[in-house]
$ cat start11.cif   # mmCIF, C-alpha atoms
data_structure
loop_
_atom_site.group_PDB
_atom_site.id
_atom_site.type_symbol
_atom_site.label_atom_id
_atom_site.label_comp_id
_atom_site.auth_asym_id
_atom_site.auth_seq_id
_atom_site.Cartn_x
_atom_site.Cartn_y
_atom_site.Cartn_z
ATOM 1 C CA MET A 1 97.301 81.427 90.744
ATOM 2 C CA TRP A 2 97.620 81.188 86.965
ATOM 3 C CA SER A 3 99.722 78.476 85.430
ATOM 4 C CA THR A 4 102.473 78.588 82.853
ATOM 5 C CA CYS A 5 101.535 76.769 79.683
ATOM 6 C CA ASP A 6 101.491 76.983 75.939
ATOM 7 C CA ALA A 7 98.538 78.352 74.015
ATOM 8 C CA SER A 8 97.238 74.891 73.137
ATOM 9 C CA SER A 9 96.834 73.894 76.803
ATOM 10 C CA CYS A 10 95.124 77.006 78.108
ATOM 11 C CA GLY A 11 91.626 75.681 77.604
ATOM 12 C CA LEU A 12 90.752 78.979 75.946
ATOM 13 C CA ALA A 13 87.805 77.584 74.043
ATOM 14 C CA VAL A 14 86.259 76.625 77.383
ATOM 15 C CA VAL A 15 86.703 79.893 79.266
ATOM 16 C CA MET A 16 86.085 82.098 76.243
ATOM 17 C CA PRO A 17 83.557 80.730 73.767
ATOM 18 C CA LEU A 18 84.331 82.261 70.403
ATOM 19 C CA ARG A 19 81.291 83.962 68.932
ATOM 20 C CA PRO A 20 81.106 85.378 65.430
ATOM 21 C CA ALA A 21 81.724 89.085 64.858
ATOM 22 C CA GLY A 22 79.926 90.429 61.827
ATOM 23 C CA GLY A 23 79.175 86.933 60.568
ATOM 24 C CA GLY A 24 82.715 85.493 60.726
ATOM 25 C CA GLY A 25 85.012 83.943 63.286
ATOM 26 C CA VAL A 26 87.079 85.907 65.748
ATOM 27 C CA ARG A 27 90.797 86.013 66.363
ATOM 28 C CA PRO A 28 91.751 84.601 69.774
ATOM 29 C CA PRO A 29 93.947 86.691 72.085
ATOM 30 C CA ASP A 30 97.697 86.461 71.622
ATOM 31 C CA PRO A 31 99.312 84.176 74.213
ATOM 32 C CA HIS A 32 101.145 85.837 77.057
ATOM 33 C CA PRO A 33 104.857 86.243 76.174
ATOM 34 C CA GLU A 34 105.856 84.149 79.204
ATOM 35 C CA GLY A 35 103.195 81.509 78.614
ATOM 36 C CA ALA A 36 100.970 82.473 81.544
ATOM 37 C CA CYS A 37 97.408 81.144 81.438
ATOM 38 C CA PRO A 38 94.398 82.445 83.336
ATOM 39 C CA PRO A 39 93.621 81.070 86.794
ATOM 40 C CA GLY A 40 90.896 78.504 87.242
ATOM 41 C CA ILE A 41 88.277 80.825 88.718
ATOM 42 C CA PRO A 42 84.784 79.281 88.585
ATOM 43 C CA PRO A 43 82.719 81.123 85.952
ATOM 44 C CA GLU A 44 80.179 82.301 88.528
ATOM 45 C CA LEU A 45 82.985 84.061 90.460
ATOM 46 C CA VAL A 46 84.462 85.874 87.453
ATOM 47 C CA PRO A 47 83.528 89.582 87.639
ATOM 48 C CA ARG A 48 81.051 90.631 84.988
ATOM 49 C CA HIS A 49 82.280 94.237 84.772
ATOM 50 C CA VAL A 50 85.808 95.360 85.635
ATOM 51 C CA ALA A 51 86.662 99.074 85.925
ATOM 52 C CA LEU A 52 90.327 99.940 85.467
ATOM 53 C CA VAL A 53 92.105 103.135 86.552
ATOM 54 C CA MET A 54 95.360 103.112 84.585
ATOM 55 C CA ASP A 55 97.526 105.054 87.016
ATOM 56 C CA GLY A 56 101.281 105.543 87.304
ATOM 57 C CA ASN A 57 102.363 106.385 83.745
ATOM 58 C CA GLY A 58 103.993 109.657 84.789
ATOM 59 C CA ARG A 59 105.796 108.145 87.777
ATOM 60 C CA TRP A 60 107.035 105.248 85.653
ATOM 61 C CA ALA A 61 108.577 107.714 83.203
ATOM 62 C CA LYS A 62 110.000 109.920 85.976
ATOM 63 C CA GLN A 63 111.783 106.957 87.566
ATOM 64 C CA ARG A 64 113.549 106.427 84.245
ATOM 65 C CA GLY A 65 114.353 110.068 83.527
ATOM 66 C CA LEU A 66 111.849 110.164 80.668
ATOM 67 C CA PRO A 67 109.096 112.661 79.809
ATOM 68 C CA ARG A 68 105.620 111.796 81.086
ATOM 69 C CA THR A 69 104.466 111.138 77.535
ATOM 70 C CA GLU A 70 106.727 108.081 77.339
ATOM 71 C CA GLY A 71 104.820 106.518 80.216
ATOM 72 C CA HIS A 72 101.540 107.043 78.395
ATOM 73 C CA LYS A 73 102.979 105.421 75.270
ATOM 74 C CA ARG A 74 104.087 102.397 77.263
ATOM 75 C CA GLY A 75 100.619 102.176 78.798
ATOM 76 C CA GLU A 76 99.041 101.372 75.422
ATOM 77 C CA ALA A 77 100.688 97.948 75.282
ATOM 78 C CA ALA A 78 99.764 97.322 78.930
ATOM 79 C CA LEU A 79 96.102 98.043 78.264
ATOM 80 C CA PHE A 80 96.039 95.850 75.167
ATOM 81 C CA ASP A 81 97.507 92.957 77.158
ATOM 82 C CA VAL A 82 94.889 93.454 79.894
ATOM 83 C CA ILE A 83 92.136 93.363 77.262
ATOM 84 C CA MET A 84 93.432 90.030 75.966
ATOM 85 C CA GLY A 85 93.603 88.715 79.527
ATOM 86 C CA ALA A 86 90.010 89.785 80.139
ATOM 87 C CA ILE A 87 88.908 87.848 77.069
ATOM 88 C CA GLU A 88 90.857 84.776 78.190
ATOM 89 C CA LEU A 89 89.226 84.819 81.625
ATOM 90 C CA GLY A 90 85.736 85.392 80.211
ATOM 91 C CA ILE A 91 85.105 88.915 81.548
ATOM 92 C CA PRO A 92 82.273 90.410 79.461
ATOM 93 C CA TYR A 93 82.753 94.135 80.278
ATOM 94 C CA LEU A 94 85.892 96.200 80.831
ATOM 95 C CA SER A 95 85.966 99.977 81.388
ATOM 96 C CA ALA A 96 89.224 101.899 80.976
ATOM 97 C CA TYR A 97 89.711 105.424 82.368
ATOM 98 C CA ALA A 98 91.522 107.090 79.464
ATOM 99 C CA PHE A 99 91.005 110.832 80.135
ATOM 100 C CA SER A 100 89.059 112.420 82.980
ATOM 101 C CA THR A 101 87.211 115.727 83.156
ATOM 102 C CA GLU A 102 89.907 116.767 85.651
ATOM 103 C CA ASN A 103 92.785 115.953 83.292
ATOM 104 C CA TRP A 104 92.213 119.274 81.509
ATOM 105 C CA ARG A 105 94.089 120.823 84.454
ATOM 106 C CA ARG A 106 97.357 119.280 83.266
ATOM 107 C CA SER A 107 99.868 121.247 81.217
ATOM 108 C CA ALA A 108 98.747 122.314 77.757
ATOM 109 C CA ASP A 109 101.476 120.179 76.195
ATOM 110 C CA GLU A 110 100.373 117.032 78.041
ATOM 111 C CA VAL A 111 96.697 117.641 77.248
ATOM 112 C CA ARG A 112 97.535 118.037 73.549
ATOM 113 C CA PHE A 113 99.551 114.831 73.663
ATOM 114 C CA LEU A 114 96.786 112.901 75.416
ATOM 115 C CA MET A 115 94.128 114.100 72.964
ATOM 116 C CA GLY A 116 96.200 113.026 69.990
ATOM 117 C CA PHE A 117 97.310 109.832 71.708
ATOM 118 C CA ASN A 118 93.769 108.716 72.543
ATOM 119 C CA ARG A 119 92.688 109.436 68.979
ATOM 120 C CA ASP A 120 95.624 107.512 67.520
ATOM 121 C CA VAL A 121 95.254 104.523 69.864
ATOM 122 C CA ILE A 122 91.631 104.055 68.797
ATOM 123 C CA HIS A 123 92.641 104.419 65.146
ATOM 124 C CA ARG A 124 95.526 101.949 65.474
ATOM 125 C CA ARG A 125 93.693 99.346 67.486
ATOM 126 C CA ARG A 126 90.135 99.420 66.164
ATOM 127 C CA ASP A 127 90.674 96.719 63.538
ATOM 128 C CA GLU A 128 92.361 94.448 66.098
ATOM 129 C CA PHE A 129 89.455 94.990 68.488
ATOM 130 C CA HIS A 130 87.039 94.102 65.719
ATOM 131 C CA GLN A 131 88.981 90.965 64.784
ATOM 132 C CA MET A 132 88.896 89.805 68.412
ATOM 133 C CA GLY A 133 85.156 90.370 68.735
ATOM 134 C CA VAL A 134 85.529 93.397 71.031
ATOM 135 C CA ARG A 135 82.701 95.920 71.048
ATOM 136 C CA VAL A 136 83.906 99.472 71.698
ATOM 137 C CA ARG A 137 81.738 101.955 73.603
ATOM 138 C CA TRP A 138 82.495 105.516 74.647
ATOM 139 C CA ALA A 139 81.432 107.274 77.848
ATOM 140 C CA GLY A 140 82.173 110.956 78.412
ATOM 141 C CA ARG A 141 81.242 114.499 77.509
ATOM 142 C CA HIS A 142 81.421 115.900 73.977
ATOM 143 C CA ARG A 143 82.230 119.452 74.985
ATOM 144 C CA ARG A 144 85.911 120.399 74.918
ATOM 145 C CA LEU A 145 86.855 117.011 73.441
ATOM 146 C CA TRP A 146 88.675 117.220 70.119
ATOM 147 C CA ARG A 147 86.390 116.495 67.173
ATOM 148 C CA SER A 148 88.998 114.146 65.735
ATOM 149 C CA VAL A 149 88.853 112.080 68.950
ATOM 150 C CA ILE A 150 85.053 111.967 68.801
ATOM 151 C CA ARG A 151 85.163 110.851 65.164
ATOM 152 C CA GLU A 152 87.516 107.966 65.953
ATOM 153 C CA LEU A 153 85.473 106.841 68.949
ATOM 154 C CA GLU A 154 82.186 106.983 67.050
ATOM 155 C CA TYR A 155 83.669 105.140 64.068
ATOM 156 C CA ALA A 156 85.008 102.403 66.365
ATOM 157 C CA GLU A 157 81.569 102.117 67.976
ATOM 158 C CA ARG A 158 79.905 101.657 64.582
ATOM 159 C CA LEU A 159 82.553 99.233 63.322
ATOM 160 C CA THR A 160 82.326 96.942 66.357
ATOM 161 C CA GLU A 161 78.656 97.272 67.320
ATOM 162 C CA GLY A 162 77.835 93.659 66.488
ATOM 163 C CA ASN A 163 80.652 92.108 68.517
ATOM 164 C CA THR A 164 79.899 90.066 71.635
ATOM 165 C CA VAL A 165 83.144 88.631 73.057
ATOM 166 C CA LEU A 166 83.949 91.682 75.240
ATOM 167 C CA THR A 167 82.518 95.176 75.596
ATOM 168 C CA LEU A 168 85.326 97.681 76.086
ATOM 169 C CA GLN A 169 84.135 101.026 77.424
ATOM 170 C CA PHE A 170 86.610 103.847 76.829
ATOM 171 C CA CYS A 171 85.957 106.653 79.309
ATOM 172 C CA VAL A 172 87.318 109.758 77.574
ATOM 173 C CA ASN A 173 86.561 113.247 78.924
ATOM 174 C CA TYR A 174 84.655 111.364 81.600
ATOM 175 C CA GLY A 175 83.880 112.172 85.225
ATOM 176 C CA GLY A 176 81.515 110.331 87.536
ATOM 177 C CA ARG A 177 80.073 113.513 89.023
ATOM 178 C CA ALA A 178 79.688 115.037 85.561
ATOM 179 C CA GLU A 179 77.828 111.934 84.362
ATOM 180 C CA ILE A 180 75.445 112.081 87.335
ATOM 181 C CA ALA A 181 74.929 115.839 86.933
ATOM 182 C CA ASP A 182 74.206 115.426 83.218
ATOM 183 C CA ALA A 183 71.714 112.657 83.944
ATOM 184 C CA ALA A 184 69.981 114.817 86.574
ATOM 185 C CA ALA A 185 69.796 117.734 84.124
ATOM 186 C CA ALA A 186 68.259 115.504 81.442
ATOM 187 C CA ILE A 187 65.670 114.189 83.906
ATOM 188 C CA ALA A 188 64.870 117.724 85.065
ATOM 189 C CA ALA A 189 64.278 118.731 81.442
ATOM 190 C CA GLU A 190 61.902 115.784 81.002
ATOM 191 C CA VAL A 191 59.981 116.799 84.127
ATOM 192 C CA ALA A 192 59.821 120.454 83.019
ATOM 193 C CA ALA A 193 58.472 119.370 79.631
ATOM 194 C CA GLY A 194 55.770 117.300 81.280
ATOM 195 C CA ARG A 195 57.087 114.000 79.907
ATOM 196 C CA LEU A 196 58.040 112.692 83.333
ATOM 197 C CA ARG A 197 56.579 113.054 86.814
ATOM 198 C CA PRO A 198 58.892 113.624 89.789
ATOM 199 C CA ASP A 199 57.416 110.604 91.562
ATOM 200 C CA GLN A 200 58.567 108.424 88.659
ATOM 201 C CA VAL A 201 62.228 109.167 89.362
ATOM 202 C CA ASN A 202 63.909 106.223 91.055
ATOM 203 C CA GLU A 203 67.299 104.518 90.865
ATOM 204 C CA LYS A 204 66.361 102.238 87.982
ATOM 205 C CA MET A 205 64.961 105.076 85.910
ATOM 206 C CA PHE A 206 67.909 107.352 86.760
ATOM 207 C CA GLY A 207 70.306 104.713 85.469
ATOM 208 C CA ARG A 208 68.739 104.923 82.020
ATOM 209 C CA TYR A 209 70.065 108.486 81.696
ATOM 210 C CA LEU A 210 73.694 107.564 82.312
ATOM 211 C CA ASP A 211 76.176 107.527 79.432
ATOM 212 C CA GLU A 212 75.998 103.774 78.784
ATOM 213 C CA PRO A 213 72.886 102.393 80.493
ATOM 214 C CA GLY A 214 73.304 99.015 78.819
ATOM 215 C CA ILE A 215 76.550 98.293 80.656
ATOM 216 C CA PRO A 216 75.999 96.644 84.066
ATOM 217 C CA ASP A 217 77.248 97.930 87.398
ATOM 218 C CA VAL A 218 80.912 97.477 88.237
ATOM 219 C CA ASP A 219 81.789 94.290 90.109
ATOM 220 C CA LEU A 220 85.551 94.823 90.406
ATOM 221 C CA PHE A 221 87.305 98.209 90.527
ATOM 222 C CA ILE A 222 91.071 98.026 89.974
ATOM 223 C CA ARG A 223 93.595 100.828 90.338
ATOM 224 C CA SER A 224 97.277 100.453 89.569
ATOM 225 C CA SER A 225 100.264 102.340 91.110
ATOM 226 C CA GLY A 226 99.361 101.996 94.788
ATOM 227 C CA GLU A 227 96.999 104.968 94.979
ATOM 228 C CA GLN A 228 93.781 104.169 96.839
ATOM 229 C CA ARG A 229 91.021 106.434 95.597
ATOM 230 C CA THR A 230 88.333 106.360 92.908
ATOM 231 C CA SER A 231 89.313 109.659 91.250
ATOM 232 C CA ASN A 232 85.721 110.291 90.164
ATOM 233 C CA PHE A 233 85.471 107.124 88.057
ATOM 234 C CA LEU A 234 82.121 105.363 87.549
ATOM 235 C CA LEU A 235 80.799 106.557 90.905
ATOM 236 C CA TRP A 236 77.181 105.521 90.359
ATOM 237 C CA GLN A 237 78.078 102.171 88.830
ATOM 238 C CA SER A 238 80.608 101.280 91.549
ATOM 239 C CA ALA A 239 78.226 101.555 94.502
ATOM 240 C CA TYR A 240 78.740 97.860 95.367
ATOM 241 C CA ALA A 241 82.032 97.191 93.601
ATOM 242 C CA GLU A 242 84.895 95.352 95.223
ATOM 243 C CA PHE A 243 88.051 97.496 95.214
ATOM 244 C CA VAL A 244 91.538 96.114 94.576
ATOM 245 C CA PHE A 245 94.534 98.473 94.658
ATOM 246 C CA LEU A 246 97.766 97.125 93.197
ATOM 247 C CA ASP A 247 101.216 98.694 93.581
ATOM 248 C CA THR A 248 102.320 98.038 89.993
ATOM 249 C CA LEU A 249 102.734 101.185 87.874
ATOM 250 C CA PHE A 250 100.521 100.849 84.837
ATOM 251 C CA PRO A 251 103.246 100.626 82.155
ATOM 252 C CA ASP A 252 104.447 97.465 83.968
ATOM 253 C CA PHE A 253 100.886 96.104 84.273
ATOM 254 C CA ASP A 254 99.720 93.110 82.241
ATOM 255 C CA ARG A 255 97.034 90.447 82.196
ATOM 256 C CA ARG A 256 98.594 88.667 85.192
ATOM 257 C CA ASP A 257 97.824 91.703 87.362
ATOM 258 C CA LEU A 258 94.233 91.639 86.141
ATOM 259 C CA TRP A 259 94.003 87.938 86.984
ATOM 260 C CA ARG A 260 95.492 88.509 90.444
ATOM 261 C CA ALA A 261 92.846 91.165 91.138
ATOM 262 C CA CYS A 262 90.144 88.775 89.912
ATOM 263 C CA GLU A 263 91.402 86.062 92.267
ATOM 264 C CA ILE A 264 91.149 88.523 95.156
ATOM 265 C CA TYR A 265 87.649 89.430 94.005
ATOM 266 C CA ALA A 266 86.619 85.759 93.824
ATOM 267 C CA SER A 267 87.754 85.219 97.436
ATOM 268 C CA ARG A 268 85.480 87.940 98.832
ATOM 269 C CA ASP A 269 82.002 87.549 100.279
ATOM 270 C CA ARG A 270 79.646 89.965 98.505
ATOM 271 C CA ARG A 271 76.538 90.519 100.641
ATOM 272 C CA TYR A 272 75.011 93.703 99.124
ATOM 273 C CA GLY A 273 73.937 94.911 102.540
ATOM 274 C CA GLY A 274 72.536 91.565 103.650
ATOM 275 C CA ALA A 275 73.938 89.169 106.246
ATOM 276 C CA GLU A 276 73.375 85.667 107.505
ATOM 277 C CA PRO A 277 72.450 85.284 111.197
ATOM 278 C CA ASN A 278 75.379 84.395 113.437
ATOM 279 C CA PRO A 279 75.297 80.862 114.803
ATOM 280 C CA VAL A 280 74.452 80.920 118.491
ATOM 281 C CA ALA A 281 75.813 78.327 120.892
ATOM 282 C CA GLN A 282 73.038 76.304 122.478
#
$ encode --input "start11.cif" --output "structure tokens"
Amino acid sequence: MWSTCDASSCGLAVVMPLRPAGGGGVRPPDPHPEGACPPGIPPELVPRHVALVMDGNGRWAKQRGLPRTEGHKRGEAALFDVIMGAIELGIPYLSAYAFSTENWRRSADEVRFLMGFNRDVIHRRRDEFHQMGVRVRWAGRHRRLWRSVIRELEYAERLTEGNTVLTLQFCVNYGGRAEIADAAAAIAAEVAAGRLRPDQVNEKMFGRYLDEPGIPDVDLFIRSSGEQRTSNFLLWQSAYAEFVFLDTLFPDFDRRDLWRACEIYASRDRRYGGAEPNPVAQ
């Protein structure tokens, strides 16, 4: 478990080496309000890429007699705290499921809110991300997405492209099946144009046609709120991920929940289809 301590005793410079962003130093994460520090997970057992399904905003608001939009607003602070916790623990990649291709089925009012909210969150937080050495990437489809959202995402990508402390992938208008279908269509076009032979298509080559081929496969897949399904998130990349489902509704989530999931991850035996022979009594 994590300990309670002040910022000076967290050993942050050990678990998170500060690297320059754009030629200068970076701002360290804010300490947890209750003084919690990350657990002592050996670096080799810290997940390289964590995927996060931020679920439960609507239920959190409903329990309090509030509109669903209030849950989404509360979720912004929860995500920002998780990002700081990921930096403290030394996680290099974090993917956040911000708006799925299926979310268009929600009410027109909620969709309008979520479009504006995603745009405004990126606008509000981009300078803080940059100061902390966070590199922002965007995965998802252009079509149907508001141009103002695309502009903010692309600006944040350009602003933070040289940062190396953490890569934060925002998945906006994203669906795992859509990403795979789009990659297959692009490969088919290459084959039809004679630039690629069918026998050249393999898993490694296919991966280069995904939205963000430079981001490694998911090691740890976390979903808040108690639901236990992937909801079409990073399907290709999560083929060998470890799944951790936590009951906490996302507005109540913070870096301690991330660390708890990482401790569970570190306790698991990842074999990737292999196995050691069983000892046999002689």
$ resolve_selection --input "start11.cif" --expression "the PyMOL selection byres ((chain A and resi 175-180) around 8)" --output "PyMOL selection string"
chain A and resi 100-102+140+173-174+181-184+210-211+232-236
$ atom_distance --input "start11.cif" --atom1 "atom CA of Phe221 of chain A" --atom2 "atom CA of Val244 of chain A"
6.2 Å
$ residues_around --input "start11.cif" --residues "segment 55-67 of chain A" --least-positions-apart "5" --cutoff "6 Å" --atoms "all atoms listed in the file" --output "PyMOL selection string"
chain A and resi 72+224-225+249-250
$ residues_near_point --input "start11.cif" --point "(90.5, 119.5, 68.5)" --cutoff "12 Å" --atoms "all atoms listed in the file" --output "VMD selection string"
chain A and resid 111 to 116 118 to 119 142 to 151
$ atom_distance --input "start11.cif" --atom1 "atom CA of Asp120 of chain A" --atom2 "atom CA of Ala77 of chain A"
13.3 Å
$ atom_distance --input "start11.cif" --atom1 "atom CA of Arg74 of chain A" --atom2 "atom CA of Pro251 of chain A"
5.3 Å
$ closest_residue --input "start11.cif" --among "A:Arg141, A:Arg27, A:Arg260, A:Arg223" --to "Ala51 of chain A" --atoms "all atoms listed in the file"
A:Arg223
$ closest_residue --input "start11.cif" --among "A:Leu159, A:Ala98, A:Ala261, A:Ile91" --to "Asp127 of chain A" --atoms "all atoms listed in the file"
A:Leu159
$ axis_aligned_box --input "start11.cif" --around "segment 230-239 of chain A" --padding-each-side "4 Å" --output "JSON"
{"center_x": 83.2, "center_y": 105.8, "center_z": 91.0, "size_x": 20.1, "size_y": 17.0, "size_z": 15.0}
$ resolve_selection --input "start11.cif" --expression "the PyMOL selection byres ((chain A and resi 28-32) around 7)" --output "list in words"
Ala7, Val26, Arg27, Pro33, Glu34, Gly35, Ala36, Met84 and Met132 of chain A
$ closest_residue --input "start11.cif" --among "A:Ala96, A:Ala275, A:Cys262, A:Leu166" --to "Asp219 of chain A" --atoms "all atoms listed in the file"
A:Cys262
$ residues_around --input "start11.cif" --residues "Ala86 of chain A" --least-positions-apart "4" --cutoff "12 Å" --atoms "all atoms listed in the file" --output "NGL selection string"
:A and (12 or 15-16 or 28-30 or 37-39 or 46-52 or 79-82 or 90-95 or 132 or 134 or 165-168 or 254-262)
$ resolve_selection --input "start11.cif" --expression "the PyMOL selection byres ((chain A and resi 272) around 10)" --output "PyMOL selection string"
chain A and resi 239-241+269-271+273-275
$ closest_residue --input "start11.cif" --among "A:Glu128, A:Glu263, A:Trp104, A:Pro213" --to "Leu89 of chain A" --atoms "only C-alpha atoms"
A:Glu263
$ closest_residue --input "start11.cif" --among "A:Glu157, A:Asp217, A:Glu190, A:Asp109" --to "Phe129 of chain A" --atoms "only C-alpha atoms"
A:Glu157
$ closest_residue --input "start11.cif" --among "A:Leu153, A:Val53, A:Cys171, A:Ile87" --to "Phe99 of chain A" --atoms "all atoms listed in the file"
A:Cys171
$ build_atoms --input "start11.cif" --residues "segment 128-136 of chain A" --atoms "all heavy atoms" --output "short mmCIF file (atom, residue, chain, number, x, y, z; two decimals), in the frame of the given file"
data_model
loop_
_atom_site.label_atom_id
_atom_site.label_comp_id
_atom_site.auth_asym_id
_atom_site.auth_seq_id
_atom_site.Cartn_x
_atom_site.Cartn_y
_atom_site.Cartn_z
N GLU A 128 92.02 95.58 65.24
CA GLU A 128 92.36 94.45 66.10
C GLU A 128 91.21 94.15 67.06
O GLU A 128 90.88 92.98 67.31
CB GLU A 128 93.63 94.75 66.87
CG GLU A 128 94.89 94.78 66.03
CD GLU A 128 96.12 95.12 66.85
OE1 GLU A 128 96.42 96.32 66.99
OE2 GLU A 128 96.76 94.19 67.37
N PHE A 129 90.61 95.20 67.62
CA PHE A 129 89.46 94.99 68.49
C PHE A 129 88.36 94.24 67.73
O PHE A 129 87.77 93.29 68.24
CB PHE A 129 88.90 96.33 68.98
CG PHE A 129 89.79 97.05 69.96
CD1 PHE A 129 89.80 98.44 70.02
CD2 PHE A 129 90.61 96.37 70.84
CE1 PHE A 129 90.60 99.12 70.93
CE2 PHE A 129 91.42 97.03 71.75
CZ PHE A 129 91.40 98.41 71.79
N HIS A 130 88.10 94.70 66.51
CA HIS A 130 87.04 94.10 65.72
C HIS A 130 87.34 92.64 65.42
O HIS A 130 86.46 91.77 65.53
CB HIS A 130 86.88 94.89 64.42
CG HIS A 130 85.67 94.51 63.62
ND1 HIS A 130 84.43 94.26 64.19
CD2 HIS A 130 85.51 94.31 62.28
CE1 HIS A 130 83.57 93.94 63.24
NE2 HIS A 130 84.20 93.96 62.08
N GLN A 131 88.59 92.34 65.09
CA GLN A 131 88.98 90.96 64.78
C GLN A 131 88.81 90.06 66.00
O GLN A 131 88.52 88.87 65.85
CB GLN A 131 90.43 90.93 64.30
CG GLN A 131 90.65 91.56 62.94
CD GLN A 131 92.11 91.88 62.67
OE1 GLN A 131 92.99 91.49 63.44
NE2 GLN A 131 92.37 92.58 61.58
N MET A 132 89.01 90.61 67.19
CA MET A 132 88.90 89.80 68.41
C MET A 132 87.48 89.78 68.97
O MET A 132 87.22 89.22 70.04
CB MET A 132 89.86 90.32 69.48
CG MET A 132 91.31 90.12 69.14
SD MET A 132 92.43 90.38 70.56
CE MET A 132 92.10 92.10 70.94
N GLY A 133 86.54 90.38 68.27
CA GLY A 133 85.16 90.37 68.74
C GLY A 133 84.87 91.34 69.85
O GLY A 133 83.90 91.18 70.60
N VAL A 134 85.70 92.40 69.98
CA VAL A 134 85.53 93.40 71.03
C VAL A 134 84.59 94.50 70.54
O VAL A 134 84.77 95.04 69.44
CB VAL A 134 86.88 94.01 71.44
CG1 VAL A 134 86.69 95.17 72.42
CG2 VAL A 134 87.78 92.94 72.04
N ARG A 135 83.60 94.80 71.33
CA ARG A 135 82.70 95.92 71.05
C ARG A 135 83.19 97.15 71.81
O ARG A 135 83.36 97.11 73.03
CB ARG A 135 81.27 95.58 71.49
CG ARG A 135 80.27 96.68 71.16
CD ARG A 135 78.91 96.36 71.78
NE ARG A 135 77.91 97.35 71.38
CZ ARG A 135 76.83 97.65 72.08
NH1 ARG A 135 76.62 97.04 73.25
NH2 ARG A 135 75.96 98.55 71.66
N VAL A 136 83.42 98.23 71.10
CA VAL A 136 83.91 99.47 71.70
C VAL A 136 82.73 100.39 72.00
O VAL A 136 81.85 100.60 71.15
CB VAL A 136 84.90 100.19 70.76
CG1 VAL A 136 85.32 101.54 71.34
CG2 VAL A 136 86.14 99.32 70.53
#
